[in-house]
Amino acid sequence: MTQTAARTDWTRDEIAALFDLPFNDLMFEAQSIHRANHPRNEVQLSTLLSIKTGGCPEDCGYCSQSTEAESGLKATKLMDVQAVLQSAAQAKDHGSGRFCMGAAWRNPKERDMPKLIEMVKGVRQMGMETCMTLGMLSSTQAKQLADAGLDYYNHNIDTSPENYANVITTRTFEDRIETLENVRSAGINVCCGGIVGMGETRSDRIGFLHALGTMPHPESVPINALVPVAGTVLGDMLKDTPLAKIDEVEFVRTVAVARIVMPQSMVRLSAGRESMSEACQALCFMAGANSIFTGDKLLTAANAGDDKDSALLSKLGLMPMMAQPHGHLEAAE
């Protein structure tokens with residue numbers, strides 16, 4: 001397998017030209033690049049657990065866990081380490097190779113770090129890849145998690161730099177980039193993507209992929225389709241409008257362009273998959289998606305479920321990818 005050289009000098013015009021390709025040509029290009037860089041019929045299965053739900057002071061317009069949302073979601077405390085490890089063991093039994101832990105925080109407090117470190121160590125001992133998403137991280141916190149063995153840290157940019165302030169006002173796009181830099185400098189692999197279907201334009205989707213494609217490419221790129229939740233700013237704004245659900249062909253185009261722009265990254269179908277047709281998901285795999293979240297829930301949103309996913313992968317002749325929990329970056333000096 002001859003890997004495609006990863007470029008970080010993409011222009012917006014080049015990315016726009018990819019979106020404009022005839023659909024069959026775009027799919028052929030994306031699948032060709034996928035086959036040159038990844039096992040052609042393997043999909044990474046990941047499980048996401050909310051280890052601390054609700055009560056987040058951020059005002060992300062899509063999120064039911066924000067204190068600004070009127071979603072009726074009850075805030076919880078950080079889970080006990082043993083309960084998290086039990087969930088991880090169940091996820092492994094269902095075929096997951098990566099276990100992701102998410103906490104609804106602006107940033108973790110120092111008092112929370114010992115528990116988080118024990119969670120990482122415990123999941124790693126099971127032979128699974130570990131991932132966390134805890135909000136913004138200082139360089140010291142990133143180093144602590146790296147020393148514990150954390151494989152990936154998720155911190156999405158969500159949308160284009162130009163559209164960002166329309167979605168979130170409590171932190172800036174630059175704040176997101178600073179956390180990503182802290183994570184990468186500590187030697188942790190970066191998981192970074194965003195959400196489409198938030199009423200953004202194609203120009204915003206181009207800007208979103210341009211931002212990802214011109215930084216050091218994230219090792220993992222989740223592409224979420226908005227799940228409009230009642231009581232959230234975007235959920236209420238987009239309810240019963242044509243913008244409430246992104247066109248499936250446009251979603252597949254977004255996945256295909258992500259694969260071409262970031263040839264060596266894992267591209268994950270994340271939130272919103274439970275409402276996608278099997279045909280749409282099959283096209284996404286053809287377009288180069290090679291990772292999904294399994295289970296019945298993603299943090300607080302519904303997900304397709306293990307049995308349904310297993311049946312779909314079997315129908316498509318796709319196999320679960322083996323976990324690789326020791327692929328750390330070299331930490332910056």
# chains A, B, ... in the order shown; residues from 1 in each chain; ligands from 1

call {"tool": "residues_around", "arguments": {"residues": "Ile292 of chain A", "least_positions_apart": "5", "cutoff": "8 Å", "atoms": "only C-alpha atoms", "output": "PDB file with all heavy atoms, in the first residue's frame"}}
result
ATOM      1  N   VAL A  43     -13.553  -1.333   9.329  1.00  0.00           N
ATOM      2  CA  VAL A  43     -14.138  -0.161   9.980  1.00  0.00           C
ATOM      3  C   VAL A  43     -13.818  -0.220  11.470  1.00  0.00           C
ATOM      4  O   VAL A  43     -14.033  -1.255  12.117  1.00  0.00           O
ATOM      5  CB  VAL A  43     -15.670  -0.111   9.780  1.00  0.00           C
ATOM      6  CG1 VAL A  43     -16.279   1.048  10.556  1.00  0.00           C
ATOM      7  CG2 VAL A  43     -16.005   0.014   8.299  1.00  0.00           C
ATOM      8  N   GLN A  44     -13.282   0.874  11.985  1.00  0.00           N
ATOM      9  CA  GLN A  44     -13.000   0.947  13.415  1.00  0.00           C
ATOM     10  C   GLN A  44     -14.304   1.160  14.181  1.00  0.00           C
ATOM     11  O   GLN A  44     -15.114   2.023  13.831  1.00  0.00           O
ATOM     12  CB  GLN A  44     -12.061   2.126  13.680  1.00  0.00           C
ATOM     13  CG  GLN A  44     -11.720   2.326  15.144  1.00  0.00           C
ATOM     14  CD  GLN A  44     -11.088   3.682  15.377  1.00  0.00           C
ATOM     15  OE1 GLN A  44     -11.707   4.713  15.164  1.00  0.00           O
ATOM     16  NE2 GLN A  44      -9.831   3.677  15.791  1.00  0.00           N
ATOM     17  N   LEU A  45     -14.520   0.327  15.200  1.00  0.00           N
ATOM     18  CA  LEU A  45     -15.709   0.453  16.047  1.00  0.00           C
ATOM     19  C   LEU A  45     -15.311   1.125  17.353  1.00  0.00           C
ATOM     20  O   LEU A  45     -14.427   0.645  18.066  1.00  0.00           O
ATOM     21  CB  LEU A  45     -16.314  -0.920  16.336  1.00  0.00           C
ATOM     22  CG  LEU A  45     -16.664  -1.782  15.121  1.00  0.00           C
ATOM     23  CD1 LEU A  45     -17.328  -3.084  15.569  1.00  0.00           C
ATOM     24  CD2 LEU A  45     -17.566  -1.033  14.157  1.00  0.00           C
ATOM     25  N   SER A  46     -15.952   2.244  17.658  1.00  0.00           N
ATOM     26  CA  SER A  46     -15.668   2.996  18.877  1.00  0.00           C
ATOM     27  C   SER A  46     -16.941   3.128  19.705  1.00  0.00           C
ATOM     28  O   SER A  46     -18.043   3.143  19.159  1.00  0.00           O
ATOM     29  CB  SER A  46     -15.141   4.392  18.532  1.00  0.00           C
ATOM     30  OG  SER A  46     -13.982   4.333  17.724  1.00  0.00           O
ATOM     31  N   ARG A 268     -14.579   9.459  10.730  1.00  0.00           N
ATOM     32  CA  ARG A 268     -15.608   8.753  11.482  1.00  0.00           C
ATOM     33  C   ARG A 268     -16.998   9.337  11.235  1.00  0.00           C
ATOM     34  O   ARG A 268     -17.195  10.551  11.313  1.00  0.00           O
ATOM     35  CB  ARG A 268     -15.314   8.816  12.987  1.00  0.00           C
ATOM     36  CG  ARG A 268     -16.372   8.078  13.821  1.00  0.00           C
ATOM     37  CD  ARG A 268     -16.159   8.205  15.305  1.00  0.00           C
ATOM     38  NE  ARG A 268     -14.850   7.697  15.666  1.00  0.00           N
ATOM     39  CZ  ARG A 268     -13.962   8.405  16.341  1.00  0.00           C
ATOM     40  NH1 ARG A 268     -14.233   9.631  16.726  1.00  0.00           N
ATOM     41  NH2 ARG A 268     -12.807   7.873  16.638  1.00  0.00           N
ATOM     42  N   LEU A 269     -17.949   8.446  10.971  1.00  0.00           N
ATOM     43  CA  LEU A 269     -19.358   8.825  10.980  1.00  0.00           C
ATOM     44  C   LEU A 269     -19.790   8.858  12.436  1.00  0.00           C
ATOM     45  O   LEU A 269     -19.737   7.837  13.126  1.00  0.00           O
ATOM     46  CB  LEU A 269     -20.200   7.806  10.214  1.00  0.00           C
ATOM     47  CG  LEU A 269     -19.883   7.596   8.744  1.00  0.00           C
ATOM     48  CD1 LEU A 269     -20.871   6.599   8.149  1.00  0.00           C
ATOM     49  CD2 LEU A 269     -19.940   8.908   7.988  1.00  0.00           C
ATOM     50  N   SER A 270     -20.216  10.023  12.900  1.00  0.00           N
ATOM     51  CA  SER A 270     -20.522  10.170  14.321  1.00  0.00           C
ATOM     52  C   SER A 270     -22.006  10.434  14.527  1.00  0.00           C
ATOM     53  O   SER A 270     -22.836   9.672  14.057  1.00  0.00           O
ATOM     54  CB  SER A 270     -19.642  11.263  14.926  1.00  0.00           C
ATOM     55  OG  SER A 270     -18.268  10.879  14.841  1.00  0.00           O
TER      56      SER A 270
END

call {"tool": "select_by_dssp", "arguments": {"residues": "segment 23-93 of chain A", "states": "helix (DSSP H, G or I)", "output": "mmCIF file with N, CA, C and O atoms, in the first residue's frame"}}
result
data_model
loop_
_atom_site.group_PDB
_atom_site.id
_atom_site.type_symbol
_atom_site.label_atom_id
_atom_site.label_comp_id
_atom_site.auth_asym_id
_atom_site.auth_seq_id
_atom_site.Cartn_x
_atom_site.Cartn_y
_atom_site.Cartn_z
ATOM 1 N N PHE A 23 -20.483 13.558 -9.047
ATOM 2 C CA PHE A 23 -20.512 12.681 -7.883
ATOM 3 C C PHE A 23 -19.691 11.401 -8.098
ATOM 4 O O PHE A 23 -18.905 11.000 -7.231
ATOM 5 N N ASN A 24 -19.842 10.766 -9.265
ATOM 6 C CA ASN A 24 -19.107 9.523 -9.515
ATOM 7 C C ASN A 24 -17.602 9.756 -9.522
ATOM 8 O O ASN A 24 -16.824 8.926 -9.025
ATOM 9 N N ASP A 25 -17.161 10.876 -10.081
ATOM 10 C CA ASP A 25 -15.729 11.187 -10.112
ATOM 11 C C ASP A 25 -15.198 11.431 -8.706
ATOM 12 O O ASP A 25 -14.091 10.991 -8.352
ATOM 13 N N LEU A 26 -15.983 12.148 -7.899
ATOM 14 C CA LEU A 26 -15.576 12.410 -6.522
ATOM 15 C C LEU A 26 -15.460 11.101 -5.741
ATOM 16 O O LEU A 26 -14.488 10.879 -5.009
ATOM 17 N N MET A 27 -16.431 10.219 -5.893
ATOM 18 C CA MET A 27 -16.408 8.948 -5.184
ATOM 19 C C MET A 27 -15.225 8.084 -5.616
ATOM 20 O O MET A 27 -14.580 7.429 -4.792
ATOM 21 N N PHE A 28 -14.938 8.073 -6.911
ATOM 22 C CA PHE A 28 -13.813 7.285 -7.421
ATOM 23 C C PHE A 28 -12.500 7.796 -6.839
ATOM 24 O O PHE A 28 -11.655 7.018 -6.386
ATOM 25 N N GLU A 29 -12.340 9.123 -6.817
ATOM 26 C CA GLU A 29 -11.119 9.716 -6.274
ATOM 27 C C GLU A 29 -10.984 9.407 -4.780
ATOM 28 O O GLU A 29 -9.911 9.022 -4.305
ATOM 29 N N ALA A 30 -12.078 9.565 -4.043
ATOM 30 C CA ALA A 30 -12.032 9.321 -2.607
ATOM 31 C C ALA A 30 -11.744 7.855 -2.296
ATOM 32 O O ALA A 30 -10.929 7.541 -1.423
ATOM 33 N N GLN A 31 -12.392 6.934 -3.003
ATOM 34 C CA GLN A 31 -12.172 5.516 -2.763
ATOM 35 C C GLN A 31 -10.753 5.105 -3.152
ATOM 36 O O GLN A 31 -10.117 4.293 -2.459
ATOM 37 N N SER A 32 -10.222 5.676 -4.219
ATOM 38 C CA SER A 32 -8.850 5.374 -4.628
ATOM 39 C C SER A 32 -7.856 5.798 -3.552
ATOM 40 O O SER A 32 -6.927 5.059 -3.215
ATOM 41 N N ILE A 33 -8.057 6.990 -3.002
ATOM 42 C CA ILE A 33 -7.170 7.482 -1.950
ATOM 43 C C ILE A 33 -7.341 6.650 -0.679
ATOM 44 O O ILE A 33 -6.363 6.318 0.006
ATOM 45 N N HIS A 34 -8.573 6.273 -0.385
ATOM 46 C CA HIS A 34 -8.823 5.431 0.784
ATOM 47 C C HIS A 34 -8.062 4.116 0.675
ATOM 48 O O HIS A 34 -7.382 3.688 1.627
ATOM 49 N N ARG A 35 -8.140 3.461 -0.470
ATOM 50 C CA ARG A 35 -7.485 2.158 -0.664
ATOM 51 C C ARG A 35 -5.965 2.271 -0.608
ATOM 52 O O ARG A 35 -5.280 1.317 -0.233
ATOM 53 N N ALA A 36 -5.436 3.429 -0.975
ATOM 54 C CA ALA A 36 -3.987 3.620 -0.947
ATOM 55 C C ALA A 36 -3.460 3.861 0.463
ATOM 56 O O ALA A 36 -2.245 3.759 0.693
ATOM 57 N N ASN A 37 -4.364 4.151 1.408
ATOM 58 C CA ASN A 37 -3.920 4.556 2.738
ATOM 59 C C ASN A 37 -4.489 3.741 3.887
ATOM 60 O O ASN A 37 -3.998 3.857 5.015
ATOM 61 N N VAL A 81 -14.651 5.621 38.892
ATOM 62 C CA VAL A 81 -13.726 4.954 37.969
ATOM 63 C C VAL A 81 -14.201 3.541 37.649
ATOM 64 O O VAL A 81 -14.215 3.114 36.489
ATOM 65 N N GLN A 82 -14.625 2.786 38.667
ATOM 66 C CA GLN A 82 -15.002 1.397 38.437
ATOM 67 C C GLN A 82 -16.197 1.278 37.497
ATOM 68 O O GLN A 82 -16.251 0.370 36.646
ATOM 69 N N ALA A 83 -17.161 2.191 37.616
ATOM 70 C CA ALA A 83 -18.334 2.163 36.731
ATOM 71 C C ALA A 83 -17.927 2.429 35.289
ATOM 72 O O ALA A 83 -18.455 1.813 34.350
ATOM 73 N N VAL A 84 -16.973 3.318 35.092
ATOM 74 C CA VAL A 84 -16.478 3.607 33.743
ATOM 75 C C VAL A 84 -15.781 2.379 33.161
ATOM 76 O O VAL A 84 -15.993 2.008 31.994
ATOM 77 N N LEU A 85 -14.965 1.721 33.982
ATOM 78 C CA LEU A 85 -14.233 0.543 33.499
ATOM 79 C C LEU A 85 -15.180 -0.611 33.179
ATOM 80 O O LEU A 85 -14.935 -1.384 32.237
ATOM 81 N N GLN A 86 -16.267 -0.720 33.927
ATOM 82 C CA GLN A 86 -17.268 -1.750 33.611
ATOM 83 C C GLN A 86 -17.909 -1.479 32.248
ATOM 84 O O GLN A 86 -18.120 -2.408 31.455
ATOM 85 N N SER A 87 -18.197 -0.213 31.965
ATOM 86 C CA SER A 87 -18.757 0.149 30.659
ATOM 87 C C SER A 87 -17.763 -0.133 29.545
ATOM 88 O O SER A 87 -18.140 -0.590 28.458
ATOM 89 N N ALA A 88 -16.490 0.124 29.813
ATOM 90 C CA ALA A 88 -15.454 -0.143 28.809
ATOM 91 C C ALA A 88 -15.357 -1.638 28.513
ATOM 92 O O ALA A 88 -15.229 -2.052 27.349
ATOM 93 N N ALA A 89 -15.432 -2.452 29.550
ATOM 94 C CA ALA A 89 -15.370 -3.906 29.364
ATOM 95 C C ALA A 89 -16.547 -4.405 28.527
ATOM 96 O O ALA A 89 -16.386 -5.275 27.650
ATOM 97 N N GLN A 90 -17.735 -3.848 28.772
ATOM 98 C CA GLN A 90 -18.902 -4.221 27.977
ATOM 99 C C GLN A 90 -18.727 -3.803 26.521
ATOM 100 O O GLN A 90 -19.096 -4.549 25.602
ATOM 101 N N ALA A 91 -18.163 -2.604 26.307
ATOM 102 C CA ALA A 91 -17.924 -2.133 24.944
ATOM 103 C C ALA A 91 -16.948 -3.050 24.211
ATOM 104 O O ALA A 91 -17.148 -3.386 23.039
ATOM 105 N N LYS A 92 -15.900 -3.489 24.918
ATOM 106 C CA LYS A 92 -14.937 -4.400 24.305
ATOM 107 C C LYS A 92 -15.601 -5.721 23.934
ATOM 108 O O LYS A 92 -15.360 -6.274 22.850
ATOM 109 N N ASP A 93 -16.476 -6.215 24.812
ATOM 110 C CA ASP A 93 -17.189 -7.463 24.536
ATOM 111 C C ASP A 93 -18.068 -7.351 23.288
ATOM 112 O O ASP A 93 -18.318 -8.352 22.611
#

call {"tool": "select_by_dssp", "arguments": {"residues": "segment 8-73 of chain A", "states": "strand (DSSP E)", "output": "list in words"}}
result
Glu42, Val43, Gln44, Leu45, Ser46, Thr47, Leu48, Leu49, Ser50, Ile51 and Lys52 of chain A

call {"tool": "closest_residue", "arguments": {"among": "A:Ile157, A:Cys60, A:Leu21, A:Val196", "to": "Ile246 of chain A", "atoms": "only C-alpha atoms"}}
result
A:Val196

call {"tool": "residues_around", "arguments": {"residues": "Glu110 of chain A", "least_positions_apart": "3", "cutoff": "12 Å", "atoms": "only C-alpha atoms", "output": "MDAnalysis selection string"}}
result
chainID A and resid 107 113:117 137:138 140:142 144

call {"tool": "residues_around", "arguments": {"residues": "Asp158 of chain A", "least_positions_apart": "2", "cutoff": "7 Å", "atoms": "only C-alpha atoms", "output": "list in words"}}
result
Asn156, Gly193, Gly194 and Ile195 of chain A

call {"tool": "write_last_selection", "arguments": {"atoms": "C-alpha atoms", "output": "PDB file, in the first residue's frame"}}
result
ATOM      1  CA  ASN A 156     -13.812  19.609  17.580  1.00  0.00           C
ATOM      2  CA  GLY A 193     -13.878  17.326  13.307  1.00  0.00           C
ATOM      3  CA  GLY A 194     -17.211  19.058  13.458  1.00  0.00           C
ATOM      4  CA  ILE A 195     -20.910  19.171  12.687  1.00  0.00           C
TER       5      ILE A 195
END

call {"tool": "closest_residue", "arguments": {"among": "A:Pro108, A:Pro39, A:Gly207, A:Gly317", "to": "Phe19 of chain A", "atoms": "only C-alpha atoms"}}
result
A:Gly207

call {"tool": "residues_around", "arguments": {"residues": "Met136 of chain A", "least_positions_apart": "6", "cutoff": "9 Å", "atoms": "only C-alpha atoms", "output": "PyMOL selection string"}}
result
chain A and resi 105-108+155+175-176+178-180

call {"tool": "atom_distance", "arguments": {"atom1": "atom CA of Ala75 of chain A", "atom2": "atom CA of Ala104 of chain A"}}
result
9.0 Å

call {"tool": "closest_residue", "arguments": {"among": "A:Ile206, A:Leu316, A:Ala16, A:Met132", "to": "Val190 of chain A", "atoms": "only C-alpha atoms"}}
result
A:Met132

call {"tool": "closest_residue", "arguments": {"among": "A:Arg273, A:Ser203, A:Cys191, A:Gly288", "to": "Lys308 of chain A", "atoms": "only C-alpha atoms"}}
result
A:Arg273

call {"tool": "atom_distance", "arguments": {"atom1": "atom CA of Ala5 of chain A", "atom2": "atom CA of Val255 of chain A"}}
result
18.8 Å

call {"tool": "residues_around", "arguments": {"residues": "segment 166-173 of chain A", "least_positions_apart": "3", "cutoff": "8 Å", "atoms": "only C-alpha atoms", "output": "number ranges by chain"}}
result
A: 58-62, 157, 161, 163, 176-177

call {"tool": "atom_distance", "arguments": {"atom1": "atom CA of Ser291 of chain A", "atom2": "atom CA of Val221 of chain A"}}
result
9.2 Å

call {"tool": "closest_residue", "arguments": {"among": "A:Val249, A:Ala258, A:Met128, A:Leu49", "to": "Met276 of chain A", "atoms": "only C-alpha atoms"}}
result
A:Val249

call {"tool": "residues_around", "arguments": {"residues": "Arg124 of chain A", "least_positions_apart": "3", "cutoff": "10 Å", "atoms": "only C-alpha atoms", "output": "list in words"}}
result
Ala88, Arg98, Phe99, Glu118, Met119, Val120, Lys121, Gly127, Met128, Glu129, Thr130, Ala148, Gly149, Leu150, Asp151, Pro325 and His326 of chain A

call {"tool": "decode", "arguments": {"residues": "segment 207-224 of chain A", "atoms": "N, CA, C and O atoms", "output": "compact mmCIF listing (two decimals), in the first residue's frame"}}
result
# COMPACT_ATOMS: atom_id res chain seq x y z
N GLY A 207 -14.87 25.84 4.30
CA GLY A 207 -13.99 26.47 5.28
C GLY A 207 -13.65 25.56 6.43
O GLY A 207 -12.52 25.58 6.96
N PHE A 208 -14.60 24.74 6.84
CA PHE A 208 -14.39 23.76 7.91
C PHE A 208 -13.32 22.75 7.51
O PHE A 208 -12.35 22.51 8.27
N LEU A 209 -13.42 22.17 6.31
CA LEU A 209 -12.44 21.19 5.87
C LEU A 209 -11.10 21.86 5.54
O LEU A 209 -10.04 21.24 5.72
N HIS A 210 -11.14 23.10 5.10
CA HIS A 210 -9.90 23.84 4.85
C HIS A 210 -9.13 24.05 6.16
O HIS A 210 -7.90 23.88 6.22
N ALA A 211 -9.85 24.40 7.24
CA ALA A 211 -9.20 24.59 8.53
C ALA A 211 -8.55 23.29 9.02
O ALA A 211 -7.42 23.29 9.52
N LEU A 212 -9.26 22.17 8.87
CA LEU A 212 -8.70 20.88 9.28
C LEU A 212 -7.53 20.46 8.40
O LEU A 212 -6.54 19.90 8.87
N GLY A 213 -7.66 20.75 7.10
CA GLY A 213 -6.66 20.29 6.14
C GLY A 213 -5.39 21.11 6.10
O GLY A 213 -4.41 20.69 5.50
N THR A 214 -5.40 22.27 6.74
CA THR A 214 -4.21 23.12 6.73
C THR A 214 -3.52 23.18 8.09
O THR A 214 -2.52 23.88 8.25
N MET A 215 -4.04 22.45 9.07
CA MET A 215 -3.32 22.22 10.33
C MET A 215 -2.64 20.85 10.20
O MET A 215 -2.89 20.12 9.23
N PRO A 216 -1.76 20.48 11.14
CA PRO A 216 -1.30 19.08 11.12
C PRO A 216 -2.54 18.18 11.16
O PRO A 216 -3.38 18.34 12.05
N HIS A 217 -2.69 17.31 10.18
CA HIS A 217 -3.95 16.59 10.05
C HIS A 217 -4.29 15.80 11.31
O HIS A 217 -3.46 15.04 11.81
N PRO A 218 -5.52 15.97 11.83
CA PRO A 218 -5.93 15.14 12.96
C PRO A 218 -5.85 13.66 12.59
O PRO A 218 -6.18 13.28 11.46
N GLU A 219 -5.42 12.86 13.53
CA GLU A 219 -5.37 11.42 13.28
C GLU A 219 -6.77 10.84 13.13
O GLU A 219 -6.97 9.81 12.47
N SER A 220 -7.75 11.49 13.74
CA SER A 220 -9.14 11.05 13.66
C SER A 220 -10.03 12.26 13.39
O SER A 220 -9.86 13.30 14.04
N VAL A 221 -10.95 12.13 12.42
CA VAL A 221 -11.80 13.26 12.01
C VAL A 221 -13.26 12.82 12.07
O VAL A 221 -13.77 12.20 11.14
N PRO A 222 -13.98 13.14 13.17
CA PRO A 222 -15.41 12.82 13.22
C PRO A 222 -16.23 13.83 12.43
O PRO A 222 -16.04 15.04 12.56
N ILE A 223 -17.11 13.31 11.58
CA ILE A 223 -18.05 14.15 10.83
C ILE A 223 -19.44 13.86 11.39
O ILE A 223 -19.98 12.77 11.22
N ASN A 224 -20.01 14.83 12.08
CA ASN A 224 -21.32 14.69 12.70
C ASN A 224 -22.39 15.36 11.85
O ASN A 224 -22.15 16.42 11.26
